[in-house]
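Undergrad: Hey, dropping upload.tsv in here, TSV, C-alpha atoms:
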```tsv
chain	number	residue	atom	x	y	z
B	1314	MET	CA	10.82	21.56	2.03
B	1315	ASN	CA	7.34	22.43	0.77
B	1316	GLU	CA	7.54	21.29	-2.85
B	1317	HIS	CA	9.25	18.78	-5.06
B	1318	GLU	CA	8.94	18.75	-8.83
B	1319	ASP	CA	9.17	15.34	-10.41
B	1320	ILE	CA	11.20	15.04	-13.62
B	1321	THR	CA	9.32	12.18	-15.23
B	1322	LYS	CA	6.68	14.20	-17.10
B	1323	ALA	CA	3.73	12.01	-16.07
B	1324	THR	CA	0.45	12.77	-17.82
B	1325	GLU	CA	-1.60	15.30	-15.87
B	1326	VAL	CA	-5.26	14.54	-15.17
B	1327	SER	CA	-7.88	17.23	-14.61
B	1328	GLU	CA	-8.74	17.70	-10.95
B	1329	ALA	CA	-12.39	18.11	-11.85
B	1330	THR	CA	-12.54	14.55	-13.15
B	1331	THR	CA	-11.13	13.03	-9.95
B	1332	ASP	CA	-12.70	14.97	-7.08
B	1333	LEU	CA	-15.41	12.35	-6.47
B	1334	LEU	CA	-12.80	9.64	-5.99
B	1335	VAL	CA	-11.42	11.17	-2.79
B	1336	THR	CA	-14.47	10.00	-0.82
B	1337	ARG	CA	-14.09	6.29	-1.62
B	1338	THR	CA	-11.39	3.70	-1.09
B	1339	PRO	CA	-11.08	0.08	-2.19
B	1340	PHE	CA	-9.30	-0.72	1.10
B	1341	ARG	CA	-11.74	-0.28	3.97
B	1342	LEU	CA	-12.70	-2.64	6.79
B	1343	GLU	CA	-15.32	-1.72	9.36
B	1344	ASP	CA	-14.83	-2.41	13.06
B	1345	GLY	CA	-16.14	-5.84	14.03
B	1346	TRP	CA	-14.94	-7.51	10.84
B	1347	GLU	CA	-11.99	-9.81	10.22
B	1348	MET	CA	-10.08	-11.04	7.17
B	1349	VAL	CA	-9.98	-14.83	6.89
B	1350	PRO	CA	-8.88	-17.20	4.10
B	1351	GLU	CA	-11.77	-18.55	2.06
B	1352	ASN	CA	-9.61	-21.45	0.81
B	1353	ARG	CA	-10.54	-25.05	1.51
B	1354	ASN	CA	-6.87	-25.89	1.02
B	1355	THR	CA	-4.60	-23.43	2.87
B	1356	SER	CA	-1.20	-25.11	2.48
B	1357	CYS	CA	1.10	-26.80	0.02
B	1358	SER	CA	4.69	-28.10	0.00
B	1359	HIS	CA	7.79	-27.29	-2.04
B	1360	ALA	CA	7.54	-30.72	-3.60
B	1361	GLU	CA	3.95	-30.07	-4.69
B	1362	ILE	CA	4.96	-26.76	-6.28
B	1363	GLU	CA	7.84	-28.48	-8.11
B	1364	THR	CA	5.46	-31.16	-9.39
B	1365	LEU	CA	2.99	-28.56	-10.69
B	1366	ILE	CA	5.84	-26.78	-12.49
B	1367	GLN	CA	7.17	-30.01	-14.02
B	1368	LYS	CA	3.69	-30.93	-15.24
B	1369	ARG	CA	3.32	-27.40	-16.65
B	1370	ILE	CA	0.22	-26.83	-14.59
B	1371	LEU	CA	1.89	-23.72	-13.22
B	1372	SER	CA	2.61	-21.33	-16.08
B	1373	LEU	CA	4.99	-18.43	-16.50
B	1374	ILE	CA	2.15	-16.10	-15.51
B	1375	ASP	CA	1.50	-18.10	-12.33
B	1376	LEU	CA	5.17	-17.91	-11.31
B	1377	GLU	CA	5.19	-14.17	-11.96
B	1378	ILE	CA	2.14	-13.75	-9.73
B	1379	MET	CA	3.97	-15.68	-7.00
B	1380	LYS	CA	6.98	-13.35	-7.36
B	1381	ILE	CA	4.71	-10.32	-7.10
B	1382	LEU	CA	3.01	-11.58	-3.95
B	1383	ALA	CA	6.36	-12.50	-2.40
B	1384	ALA	CA	7.37	-8.87	-2.87
B	1385	TYR	CA	4.10	-7.12	-1.93
B	1386	HIS	CA	2.52	-9.68	0.43
B	1387	TYR	CA	-1.16	-8.59	0.18
B	1388	LEU	CA	-2.73	-7.39	-3.08
B	1389	ASN	CA	-6.13	-7.40	-4.75
B	1390	HIS	CA	-6.68	-8.65	-8.30
B	1391	HIS	CA	-6.62	-5.13	-9.75
B	1392	ASN	CA	-3.11	-4.38	-8.49
B	1393	ILE	CA	-1.80	-7.83	-9.38
B	1394	ARG	CA	-2.96	-7.14	-12.94
B	1395	LEU	CA	-1.31	-3.70	-12.96
B	1396	GLU	CA	2.00	-5.14	-11.83
B	1397	LEU	CA	1.79	-7.96	-14.37
B	1398	GLU	CA	1.35	-5.36	-17.13
B	1399	GLN	CA	4.73	-3.93	-16.14
B	1400	ARG	CA	6.45	-7.33	-16.03
B	1401	LEU	CA	4.96	-9.47	-18.78
B	1402	HIS	CA	5.61	-9.35	-22.50
B	1403	PRO	CA	2.51	-7.95	-24.26
B	1404	GLY	CA	1.81	-11.38	-25.74
B	1405	TYR	CA	1.23	-12.83	-22.26
B	1406	ARG	CA	-0.99	-10.09	-20.89
B	1407	LYS	CA	-4.71	-10.69	-20.21
B	1408	GLN	CA	-7.67	-8.62	-19.11
B	1409	SER	CA	-8.22	-10.88	-16.12
B	1410	TYR	CA	-6.07	-13.33	-14.19
B	1411	SER	CA	-8.93	-14.79	-12.16
B	1412	ASP	CA	-8.36	-18.27	-13.62
B	1413	ASN	CA	-4.72	-18.20	-12.56
B	1414	LEU	CA	-5.64	-17.03	-9.05
B	1415	ARG	CA	-8.35	-19.68	-8.65
B	1416	LYS	CA	-5.98	-22.44	-9.80
B	1417	MET	CA	-3.30	-21.47	-7.29
B	1418	LYS	CA	-5.87	-20.99	-4.55
B	1419	ARG	CA	-7.13	-24.55	-5.07
B	1420	ALA	CA	-3.52	-25.81	-4.88
B	1421	GLY	CA	-2.93	-24.05	-1.55
B	1422	ILE	CA	-0.29	-21.78	-3.10
B	1423	LEU	CA	-2.35	-18.62	-2.61
B	1424	LEU	CA	-4.53	-17.63	0.29
B	1425	CYS	CA	-7.56	-15.51	-0.59
B	1426	TYR	CA	-8.58	-13.31	2.35
B	1427	VAL	CA	-12.17	-12.04	2.50
B	1428	PRO	CA	-14.00	-9.91	5.11
B	1429	VAL	CA	-16.28	-11.71	7.56
B	1430	PRO	CA	-18.02	-10.51	10.72
B	1431	ALA	CA	-16.01	-11.28	13.86
B	1432	SER	CA	-19.25	-12.44	15.50
B	1433	PRO	CA	-22.17	-14.20	13.77
B	1434	LEU	CA	-24.62	-11.78	12.21
B	1435	PRO	CA	-27.98	-11.46	13.99
B	1436	GLY	CA	-30.33	-14.17	12.78
B	1437	ALA	CA	-27.57	-16.15	11.07
B	1438	ASP	CA	-27.43	-19.89	11.75
B	1439	SER	CA	-24.07	-21.08	13.03
B	1440	ILE	CA	-22.81	-24.17	11.22
B	1441	PRO	CA	-20.15	-26.07	13.16
B	1442	GLY	CA	-16.80	-26.26	11.40
B	1443	THR	CA	-17.46	-23.39	8.98
B	1444	SER	CA	-16.41	-19.74	8.85
B	1445	PRO	CA	-19.01	-16.94	8.98
B	1446	VAL	CA	-20.56	-16.14	5.61
B	1447	PRO	CA	-18.52	-13.42	3.83
B	1448	ALA	CA	-20.12	-10.05	3.26
B	1449	ALA	CA	-21.07	-9.05	-0.26
B	1450	SER	CA	-17.82	-7.12	-0.68
B	1451	PRO	CA	-15.43	-6.71	-3.60
B	1452	LEU	CA	-12.53	-6.73	-1.15
B	1453	LYS	CA	-10.39	-9.81	-1.66
B	1454	LEU	CA	-6.70	-9.88	-0.81
B	1455	TYR	CA	-4.32	-12.51	-2.12
B	1456	CYS	CA	-1.26	-13.68	-0.23
B	1457	LEU	CA	1.22	-16.55	-0.61
B	1458	SER	CA	0.82	-19.50	1.73
B	1459	THR	CA	3.75	-20.18	4.04
B	1460	ALA	CA	5.43	-22.84	1.89
B	1461	ALA	CA	4.84	-20.86	-1.32
B	1462	PHE	CA	6.53	-17.83	0.21
B	1463	THR	CA	9.57	-19.79	1.42
B	1464	TYR	CA	9.79	-21.31	-2.07
B	1465	MET	CA	9.81	-17.88	-3.75
B	1466	ALA	CA	11.73	-15.81	-1.17
B	1467	PRO	CA	15.25	-16.75	-2.45
B	1468	LEU	CA	14.21	-15.58	-5.93
B	1469	THR	CA	12.89	-12.18	-4.83
B	1470	GLU	CA	14.90	-11.04	-1.78
B	1471	ALA	CA	11.52	-10.32	-0.16
B	1472	HIS	CA	10.95	-9.50	3.48
B	1473	PRO	CA	9.20	-12.26	5.49
B	1474	ILE	CA	5.42	-12.05	5.74
B	1475	LEU	CA	4.85	-11.08	9.39
B	1476	PRO	CA	1.77	-12.11	11.39
B	1477	SER	CA	-0.70	-9.27	11.03
B	1478	SER	CA	-4.15	-8.13	12.09
B	1479	ALA	CA	-6.98	-7.66	9.63
B	1480	GLN	CA	-6.45	-3.89	9.63
B	1481	ARG	CA	-2.71	-4.33	9.05
B	1482	LYS	CA	-3.42	-6.50	5.99
B	1483	ILE	CA	-5.58	-3.69	4.63
B	1484	GLU	CA	-2.84	-1.12	5.31
B	1485	LEU	CA	-0.25	-3.23	3.49
B	1486	ALA	CA	-2.57	-3.72	0.50
B	1487	ALA	CA	-3.03	0.06	0.27
B	1488	ALA	CA	0.74	0.63	0.58
B	1489	GLY	CA	1.37	-1.98	-2.12
B	1490	GLN	CA	-0.98	-0.16	-4.48
B	1491	PHE	CA	0.85	3.13	-3.88
B	1492	LEU	CA	4.26	1.57	-4.58
B	1493	ILE	CA	3.04	-0.22	-7.72
B	1494	GLN	CA	1.58	3.02	-9.07
B	1495	PHE	CA	4.71	4.99	-8.21
B	1496	LEU	CA	6.94	2.55	-10.07
B	1497	LYS	CA	4.52	2.48	-13.00
B	1498	HIS	CA	4.69	6.24	-13.50
B	1499	TYR	CA	8.18	7.15	-12.27
B	1500	ARG	CA	10.30	4.01	-12.61
B	1501	ASN	CA	13.03	5.75	-14.60
B	1502	SER	CA	13.55	8.29	-11.81
B	1503	VAL	CA	13.56	5.77	-8.93
B	1504	ILE	CA	16.98	5.04	-7.46
B	1505	ARG	CA	15.94	2.53	-4.83
B	1506	TYR	CA	12.84	1.44	-2.97
B	1507	GLU	CA	11.95	-0.81	-0.08
B	1508	TYR	CA	8.56	-2.19	0.92
B	1509	GLU	CA	7.98	-2.68	4.67
B	1510	LYS	CA	11.28	-1.25	5.86
B	1511	GLY	CA	11.81	-2.45	9.42
B	1512	THR	CA	14.02	-0.52	11.81
B	1513	LYS	CA	14.33	0.27	15.52
B	1514	ILE	CA	14.23	3.32	17.73
B	1515	GLY	CA	16.19	2.20	20.75
B	1516	ASN	CA	14.69	-1.17	21.55
B	1517	ALA	CA	11.30	-0.33	20.04
B	1518	PRO	CA	10.59	-1.76	16.54
B	1519	PHE	CA	9.42	0.75	13.95
B	1520	LEU	CA	8.04	-0.05	10.52
B	1521	LEU	CA	7.87	2.22	7.47
B	1522	ASP	CA	5.40	0.86	4.93
B	1523	ALA	CA	7.60	1.97	2.02
B	1524	VAL	CA	10.68	4.08	1.41
B	1525	ILE	CA	11.32	5.38	-2.13
B	1526	ARG	CA	14.39	7.33	-3.22
B	1527	TYR	CA	14.00	9.08	-6.56
B	1528	ARG	CA	15.56	11.90	-8.57
B	1529	ALA	CA	13.60	15.14	-8.89
B	1530	THR	CA	14.12	18.84	-9.39
B	1531	VAL	CA	13.79	20.90	-6.21
B	1532	PRO	CA	12.83	24.60	-6.38
B	1533	GLY	CA	15.82	26.86	-5.79
B	1534	LEU	CA	18.44	24.23	-6.58
B	1535	GLN	CA	20.13	23.39	-9.84
B	1536	GLY	CA	20.01	19.89	-11.24
B	1537	ALA	CA	18.11	16.86	-10.01
B	1538	GLN	CA	18.24	16.04	-6.29
B	1539	THR	CA	17.55	12.83	-4.38
B	1540	VAL	CA	14.16	12.93	-2.67
B	1541	THR	CA	13.24	10.28	-0.10
B	1542	LEU	CA	9.53	9.49	0.17
B	1543	PHE	CA	8.42	7.84	3.41
B	1544	LEU	CA	5.02	6.13	3.26
B	1545	LEU	CA	2.80	5.40	6.25
B	1546	ALA	CA	-0.52	3.71	5.43
B	1547	LEU	CA	-3.39	4.59	7.77
B	1548	ARG	CA	-6.87	3.07	7.93
B	1549	ARG	CA	-9.92	4.17	9.91
B	1550	TYR	CA	-10.76	1.94	12.86
B	1551	ARG	CA	-11.36	2.32	16.60
B	1552	ASN	CA	-8.76	4.75	18.07
B	1553	TRP	CA	-6.96	5.02	14.73
B	1554	GLU	CA	-6.00	8.65	15.41
B	1555	LYS	CA	-4.03	7.65	18.51
B	1556	THR	CA	-2.17	4.97	16.55
B	1557	ALA	CA	-1.46	7.38	13.68
B	1558	LEU	CA	-0.06	10.06	15.99
B	1559	SER	CA	2.10	7.47	17.74
B	1560	ARG	CA	3.54	6.29	14.41
B	1561	LEU	CA	4.18	9.89	13.34
B	1562	SER	CA	5.96	10.63	16.62
B	1563	LEU	CA	8.20	7.61	16.15
B	1564	PHE	CA	8.85	8.66	12.57
B	1565	ARG	CA	9.83	12.17	13.74
B	1566	ILE	CA	12.35	10.66	16.18
B	1567	TRP	CA	13.71	8.28	13.52
B	1568	LEU	CA	14.02	11.10	10.98
B	1569	SER	CA	15.92	13.30	13.46
B	1570	ARG	CA	18.50	10.52	13.81
B	1571	HIS	CA	18.80	9.75	10.09
B	1572	GLY	CA	18.53	13.23	8.60
B	1573	GLY	CA	21.95	12.92	6.98
B	1574	GLU	CA	20.70	9.97	4.93
B	1575	CYS	CA	17.80	11.91	3.36
B	1576	MET	CA	18.42	15.57	2.60
B	1577	PHE	CA	14.94	16.04	1.10
B	1578	PRO	CA	12.39	13.95	3.05
B	1579	LEU	CA	8.82	13.65	1.78
B	1580	PRO	CA	6.53	12.06	4.40
B	1581	VAL	CA	3.26	10.81	2.85
B	1582	LEU	CA	0.31	9.56	4.90
B	1583	LEU	CA	-1.86	7.20	2.84
B	1584	VAL	CA	-5.46	7.63	4.00
B	1585	GLU	CA	-8.96	6.55	3.06
B	1586	ASP	CA	-10.54	9.95	2.38
B	1587	ILE	CA	-10.40	13.71	2.93
B	1588	GLU	CA	-12.28	13.44	6.24
B	1589	MET	CA	-9.32	11.50	7.65
B	1590	VAL	CA	-6.94	14.16	6.28
B	1591	LEU	CA	-8.67	17.08	8.00
B	1592	GLY	CA	-9.22	15.28	11.30
B	1593	LEU	CA	-5.66	14.01	11.60
B	1594	TYR	CA	-4.10	17.33	10.57
B	1595	ALA	CA	-6.08	19.12	13.30
B	1596	GLN	CA	-4.69	16.73	15.90
B	1597	ILE	CA	-1.14	17.01	14.56
B	1598	GLN	CA	-1.28	20.77	15.18
B	1599	THR	CA	-2.00	20.20	18.89
B	1600	MET	CA	1.12	18.07	19.48
B	1601	ASN	CA	4.35	19.87	20.34
B	1602	SER	CA	6.36	16.76	19.44
B	1603	LEU	CA	5.16	17.08	15.82
B	1604	SER	CA	5.59	20.83	15.52
B	1605	GLY	CA	7.22	21.78	12.23
B	1606	LEU	CA	6.75	18.36	10.63
B	1607	HIS	CA	5.41	18.89	7.11
B	1608	VAL	CA	3.43	15.90	5.88
B	1609	TYR	CA	1.51	15.20	2.69
B	1610	PHE	CA	-1.71	13.20	2.53
B	1611	CYS	CA	-2.78	10.83	-0.24
B	1612	PRO	CA	-6.37	9.49	-0.47
B	1613	ASP	CA	-5.59	6.10	-1.98
B	1614	SER	CA	-8.67	5.92	-4.21
B	1615	LEU	CA	-7.18	8.73	-6.32
B	1616	LEU	CA	-4.36	6.39	-7.32
B	1617	MET	CA	-6.76	4.57	-9.65
B	1618	ALA	CA	-7.01	7.73	-11.77
B	1619	VAL	CA	-3.87	9.85	-11.34
B	1620	PRO	CA	-0.14	9.31	-10.71
B	1621	PRO	CA	0.88	9.41	-7.02
B	1622	LEU	CA	2.64	12.79	-7.13
B	1623	GLN	CA	-0.57	14.35	-8.49
B	1624	ALA	CA	-2.69	12.78	-5.73
B	1625	LEU	CA	-1.11	14.54	-2.75
B	1626	TYR	CA	-2.71	17.11	-0.44
B	1627	LEU	CA	-1.28	19.68	1.94
B	1628	CYS	CA	-3.32	21.16	4.78
B	1629	LYS	CA	-3.38	24.66	6.20
B	1630	ALA	CA	-5.67	27.00	8.12
B	1631	ASP	CA	-7.44	29.64	6.02
B	1632	ASP	CA	-8.18	33.24	7.07
B	1633	ALA	CA	-11.14	32.04	9.15
B	1634	GLU	CA	-8.91	29.49	10.95
B	1635	LYS	CA	-10.72	26.69	9.17
B	1636	ILE	CA	-8.53	23.76	8.10
B	1637	VAL	CA	-8.54	23.14	4.35
B	1638	ALA	CA	-6.87	20.46	2.23
B	1639	ILE	CA	-5.22	21.71	-0.96
B	1640	ARG	CA	-4.43	19.42	-3.87
B	1641	THR	CA	-0.79	19.80	-4.95
B	1642	ASN	CA	0.84	19.12	-8.29
B	1643	MET	CA	4.46	18.06	-8.07
B	1644	ILE	CA	4.96	17.33	-11.75
B	1645	GLY	CA	7.47	19.68	-13.31
B	1646	LYS	CA	9.58	19.93	-16.43
B	1647	GLU	CA	13.09	18.61	-16.90
```
So, in terms of structure tokens, how does the structure I just supplied come out?
TA:
Amino acid sequence: MNEHEDITKATEVSEATTDLLVTRTPFRLEDGWEMVPENRNTSCSHAEIETLIQKRILSLIDLEIMKILAAYHYLNHHNIRLELEQRLHPGYRKQSYSDNLRKMKRAGILLCYVPVPASPLPGADSIPGTSPVPAASPLKLYCLSTAAFTYMAPLTEAHPILPSSAQRKIELAAAGQFLIQFLKHYRNSVIRYEYEKGTKIGNAPFLLDAVIRYRATVPGLQGAQTVTLFLLALRRYRNWEKTALSRLSLFRIWLSRHGGECMFPLPVLLVEDIEMVLGLYAQIQTMNSLSGLHVYFCPDSLLMAVPPLQALYLCKADDAEKIVAIRTNMIGKE
């Protein structure tokens, strides 16, 4: 299937106003950098959380933030705020929740991950017992501490937070942003969704960053159909193309075995920028195992300006055999 038309009538945004966004992403980590907690206090207990609730130090907003992070694992402040806007009564909403985040960070309920160089920077003095000095970066990811997650998990039916590399944390934060934006714009059409869907291919574990089933009109068919969007978040790092192609190959195998469960699959690769789109598409065309697999690409920075189904690209070769990325618009009328 080459097109899906969404039935939710999301507001269209001019392509001319968003073209510059496709070259930037809020979720980027250079090689040689790690994500480490900047907290002094990195743990708490269930009893401490109960005490803070009883003393009303933890508010309704704080508990909602904990529920959000139990569900999405790694998010920045911007996407926490977006999700709170969907959950909170207007009377509780604020422009910033930094005070709430700082309070829970001090209590060891939240971990705040920041980028630091894996090795000391040239000329930097090493101070025993301290972490390297963080870069001047806006990238901060919040995550529940172990005890805070086990406290909230029964209330959210969330998947466990798995041990992850720095790059994997960045991928999950990008995937979380996509899912939050999708639900914001198309919630009424969504049938079911799952964040970090774990499965197996034989004995090999395979992870889909998100699976979303939603109702949409499909060209050539009458009435709304069930479309299944499969999200794979990709970041640029050393040998990332090899990892991306491996994940796509596993996805192709998984899809061939579960085709009856998703009549209209929509694979979306969440990338940093258009350069990644063109490079990866060129390599996909050289692999026989991926022949015939139609994938869409989404530069995640566009999600700050347009709904997800207006932020997708398809690739093809033009008359001069040059690969071009074409912005698609999947928004249709009921």
Undergrad: Can you pull out the residues contacting stretch 1557-1564 of chain B? Cut-off 8 Å, using only C-alpha atoms, and skip same-chain residues under 2 positions away; I want them as a PDB file with C-alpha atoms, in the coordinates of the input.
TA:
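Wrote out-v3.pdb, looks like this:
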```pdb
ATOM      1  CA  ILE B1514      14.230   3.320  17.730  1.00  0.00           C
ATOM      2  CA  PHE B1519       9.420   0.750  13.950  1.00  0.00           C
ATOM      3  CA  LEU B1547      -3.390   4.590   7.770  1.00  0.00           C
ATOM      4  CA  TRP B1553      -6.960   5.020  14.730  1.00  0.00           C
ATOM      5  CA  GLU B1554      -6.000   8.650  15.410  1.00  0.00           C
ATOM      6  CA  LYS B1555      -4.030   7.650  18.510  1.00  0.00           C
ATOM      7  CA  ILE B1566      12.350  10.660  16.180  1.00  0.00           C
ATOM      8  CA  TRP B1567      13.710   8.280  13.520  1.00  0.00           C
ATOM      9  CA  LEU B1568      14.020  11.100  10.980  1.00  0.00           C
ATOM     10  CA  ILE B1597      -1.140  17.010  14.560  1.00  0.00           C
ATOM     11  CA  SER B1602       6.360  16.760  19.440  1.00  0.00           C
ATOM     12  CA  LEU B1603       5.160  17.080  15.820  1.00  0.00           C
TER      13      LEU B1603
END
```
Undergrad: Take the point (4.2, -25.1, 0.2) in the file's coordinates, draw a sphere of radius 8 Å around it, and report as an MDAnalysis selection string every protein, DNA or RNA residue with an atom inside or on it, counting all atoms listed in the file.
TA: chainID B and resid 1356:1362 1421:1422 1458:1464
Undergrad: What does the distance from atom CA of B:Thr1541 to atom CA of B:Arg1570 come to in Å, to one decimal?
TA: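 So the two atoms, atom CA of B:Thr1541 and atom CA of B:Arg1570, lie 14.9 Å apart.
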Undergrad: Restricting the calculation to all atoms listed in the file: of B:Ala1537, B:Ala1517, B:Val1584, B:Leu1414, which residue gets closest to B:Glu1484?
TA: B:Val1584
Undergrad: If you measure from atom CA of B:Leu1397 to atom CA of B:Leu1373, what distance in Å do you get, rounded to one decimal?
TA: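 Atom CA of B:Leu1373 lies 11.2 Å from atom CA of B:Leu1397.
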Undergrad: Show which residues sit within 8 Å of B:Phe1610, as a PDB file with C-alpha atoms, in the frame of the given file. Count only C-alpha atoms, and ignore same-chain residues fewer than 5 positions away.
TA:
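Produced file out_7.pdb, reproduced below:
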```
ATOM      1  CA  VAL B1581       3.260  10.810   2.850  1.00  0.00           C
ATOM      2  CA  LEU B1582       0.310   9.560   4.900  1.00  0.00           C
ATOM      3  CA  LEU B1583      -1.860   7.200   2.840  1.00  0.00           C
ATOM      4  CA  VAL B1584      -5.460   7.630   4.000  1.00  0.00           C
ATOM      5  CA  VAL B1590      -6.940  14.160   6.280  1.00  0.00           C
ATOM      6  CA  LEU B1625      -1.110  14.540  -2.750  1.00  0.00           C
ATOM      7  CA  TYR B1626      -2.710  17.110  -0.440  1.00  0.00           C
ATOM      8  CA  LEU B1627      -1.280  19.680   1.940  1.00  0.00           C
TER       9      LEU B1627
END
```
Undergrad: If I wrap all listed atoms of stretch 1489-1502 of chain B in a box with edges along x, y and z and add 6 Å on each side, what are its centre and edge lengths in Å to one decimal, as lines of an AutoDock Vina configuration file?
TA:
```
center_x = 6.3
center_y = 3.2
center_z = -8.4
size_x = 26.5
size_y = 22.3
size_z = 24.5
```
Undergrad: One decimal, Å: what's the distance from atom CA of B:Asn1354 over to atom CA of B:Gln1490, could you say?
TA: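 Value for the atom CA of B:Asn1354-atom CA of B:Gln1490 distance: 27.0 Å.
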Undergrad: Can you tell me, as JSON, numbers by chain, which residues sit within 12 Å of (-2.7, 25.2, -3.2) in the file's frame, using all atoms listed in the file?
TA: {"B": [1315, 1316, 1625, 1626, 1627, 1628, 1629, 1630, 1631, 1637, 1638, 1639, 1640, 1641, 1642, 1643]}
Undergrad: Which is closest to B:Ser1477 among B:Glu1398, B:Met1348, B:Ile1504, B:Ser1569, if we use only C-alpha atoms?
TA: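 Distance minimum relative to B:Ser1477 lands on B:Met1348.
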Undergrad: Go through B:Pro1621, B:Gln1598, B:Pro1476, B:Ile1587 and flag the residue nearest B:Leu1542, using all atoms listed in the file for the distances.
TA: B:Pro1621
Undergrad: So, with only C-alpha atoms as the atoms that count, which of B:Phe1577, B:Tyr1405, B:Tyr1455, B:Tyr1385 lies closest to B:Met1417?
TA: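 Nearest candidate to B:Met1417 out of B:Phe1577, B:Tyr1405, B:Tyr1455, B:Tyr1385: B:Tyr1455.
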Undergrad: Under the rule that only C-alpha atoms are counted, which of B:Thr1355, B:Gln1480, B:Lys1635, B:Ile1381 is the nearest residue to B:Leu1423?
TA: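 Going through B:Thr1355, B:Gln1480, B:Lys1635, B:Ile1381 one by one, the smallest distance to B:Leu1423 is for B:Thr1355.
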Undergrad: From the set B:Ala1431, B:Lys1416, B:Leu1342, B:Ile1636, which residue has the shortest atom-to-atom contact distance to B:Tyr1594, counting only C-alpha atoms?
TA: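 The answer is B:Ile1636, which sits nearest to B:Tyr1594.
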Undergrad: As number ranges by chain, please: the residues near B:Lys1380 (cut-off 12 Å, all atoms listed in the file, same-chain neighbours under 2 positions excluded).
TA: B: 1373-1378, 1382-1386, 1393, 1396-1397, 1400, 1422-1423, 1456-1457, 1461-1471
